[in-house]
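> Attaching a single structure in structure tokens format; questions to follow.
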Amino acid sequence: IAVRNTNDVTTPLAAGWRVFGQQEYTDPYSQRTDLWVSRYGGPARRLTKGARLTHPDARICEGSVVTSDAMPEFCVVAVQIMPGEARLVHVRASEASVDITPLTESSAADLYSEPRWSHDGMRIAATHWMRGGTSEISIFDKSGALVGALGRARSVNSSPAWGVGDTAIFFTSDRSGRSALYRANVATGSLEMIADSPTGLFDNEPSPDGTRLATFILQNDGFNLGVVDATARGTP
């Protein structure tokens, strides 16, 4: 589909636009990750320089006009790496300017990864890593205020993804001893295992209609892409 320097996230958007993170060496000993944008068949364009941004999830900003010619305005949530710390930020990028606004405090004890916009653009889910090996899926409003948390455990919780209607969040967790797919009810916080494998399931991405989940299965020849029924085990 496209050439990337690294395997950071690419967000596909309307009219063929794509926002992605990519690493590069700024000198023989320093590496930085920044945001880039491209469109089908076109060259990549840099959005930031030296901003140390990774794990981006982008959407077209409300009110922005999407065409195949002019770049629309992008609203991006991402992780910004600081010296020995990290924080969640909101990046608003247009043809004229790029503004980076912190959503969480920079901290070495509380780290965040894999932020994801809800479908309505009003909330953000992200993995929250706490000192001592505990993690959870934190939910913020778009200003960065914490409004909820799901699945806290002394385990690796990761890869949050909103279900259709934003009533559920799918994520992976190894709380059972190996990584499996779970569904969390956003209103009640209840958890349900959707699928597991003897060798583990890693990452997940719901289909547009919410009926299936794409995931990676660890097998004897490495990681293979698999599809899981998101309605399994009572999941709506």
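Identifiers for the structure tokens are assigned positionally: chains receive A, B, ... in sequence, residues are indexed from 1 per chain, and ligands are indexed from 1 in the order shown.
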Excluding Leu191 (chain A) and residues on its chain fewer than 2 positions from it, collect all residues at most 9 Å away from it, counting only C-alpha atoms, and give them as a PyMOL selection string.
chain A and resi 150-151+182-185+188-189+193
> Determine, using only C-alpha atoms, which residues of region 43-153 of chain A have any atom at most 12 Å from an atom of region 199-220 of chain A, and tabulate each with its shortest atom pair and distance in Å to one decimal place, rows ordered by chain and then rising number, as JSON lines.

{"residue": "A:Glu114", "atom": "CA", "partner": "A:Asp203", "partner_atom": "CA", "distance": 10.6}
{"residue": "A:Arg116", "atom": "CA", "partner": "A:Glu205", "partner_atom": "CA", "distance": 11.1}
{"residue": "A:His119", "atom": "CA", "partner": "A:Pro208", "partner_atom": "CA", "distance": 10.6}
> Pick from A:Leu181, A:Ile60, A:Leu53, A:Ala96: nearest to Ser113 (chain A), with only C-alpha atoms counted?
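Among the listed residues, the smallest separation from Ser113 (chain A) belongs to A:Leu53.
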> As a PyMOL selection string, please: every residue in region 15-231 of chain A that a backbone DSSP assignment puts in helix (DSSP H, G or I).
chain A and resi 15-16+164-166
> Considering only C-alpha atoms, return as a list in words whatever protein or nucleic-acid residues lie within 12 Å of Ser176 (chain A), sequence-local ones (same chain, fewer than 5 positions apart) excluded.
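With the cut-off at 12 Å, the set is Ala153, Arg154, Ser155, Val156, Asn157, Leu181, Tyr182, Glu192, Met193, Ala195, Asp196, Ser197, Pro198 and Gly200 of chain A.
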> Atoms to include: C-alpha atoms. Write the selected residues as an mmCIF file, in the first residue's frame.

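Saved the output as selection.cif:
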data_model
loop_
_atom_site.group_PDB
_atom_site.id
_atom_site.type_symbol
_atom_site.label_atom_id
_atom_site.label_comp_id
_atom_site.auth_asym_id
_atom_site.auth_seq_id
_atom_site.Cartn_x
_atom_site.Cartn_y
_atom_site.Cartn_z
ATOM 1 C CA ALA A 153 -5.281 -5.761 36.593
ATOM 2 C CA ARG A 154 -1.670 -6.679 37.189
ATOM 3 C CA SER A 155 -1.365 -7.775 33.578
ATOM 4 C CA VAL A 156 -0.698 -6.439 30.097
ATOM 5 C CA ASN A 157 -3.865 -4.720 28.875
ATOM 6 C CA LEU A 181 -9.468 -10.723 23.352
ATOM 7 C CA TYR A 182 -11.901 -9.072 25.772
ATOM 8 C CA GLU A 192 -16.145 -10.720 28.854
ATOM 9 C CA MET A 193 -13.567 -12.834 27.059
ATOM 10 C CA ALA A 195 -11.689 -15.326 22.074
ATOM 11 C CA ASP A 196 -8.422 -16.925 23.123
ATOM 12 C CA SER A 197 -5.771 -19.187 21.648
ATOM 13 C CA PRO A 198 -3.226 -21.560 23.200
ATOM 14 C CA GLY A 200 -2.151 -15.982 22.356
#
> Using only C-alpha atoms, which of the listed residues (A:Ala161, A:Pro102, A:Arg32, A:Ala14) sits closest to Val66 (chain A)?
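The closest residue to Val66 (chain A) is A:Ala14.
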> Would you please work out which residue, of A:Thr101, A:Thr33, A:Ser107, A:Ser118, is nearest to Arg59 (chain A) when using only C-alpha atoms?
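Among A:Thr101, A:Thr33, A:Ser107, A:Ser118, it is A:Ser118 that comes nearest to Arg59 (chain A).
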> Could you check how far CA of Leu47 (chain A) sits from CA of Val9 (chain A), in Å to one decimal?
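Separation between CA of Leu47 (chain A) and CA of Val9 (chain A): 14.8 Å.
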> Within region 9-214 of chain A, find each residue whose DSSP state, derived from the backbone, is strand (DSSP E or B), and express the selection as number ranges by chain.
A: 10-12, 17-27, 30-39, 45-46, 53-60, 74-82, 85-93, 98-102, 107, 110-117, 123-130, 134-141, 146-153, 157-162, 168-173, 180-185, 191-195, 201-206, 212-214
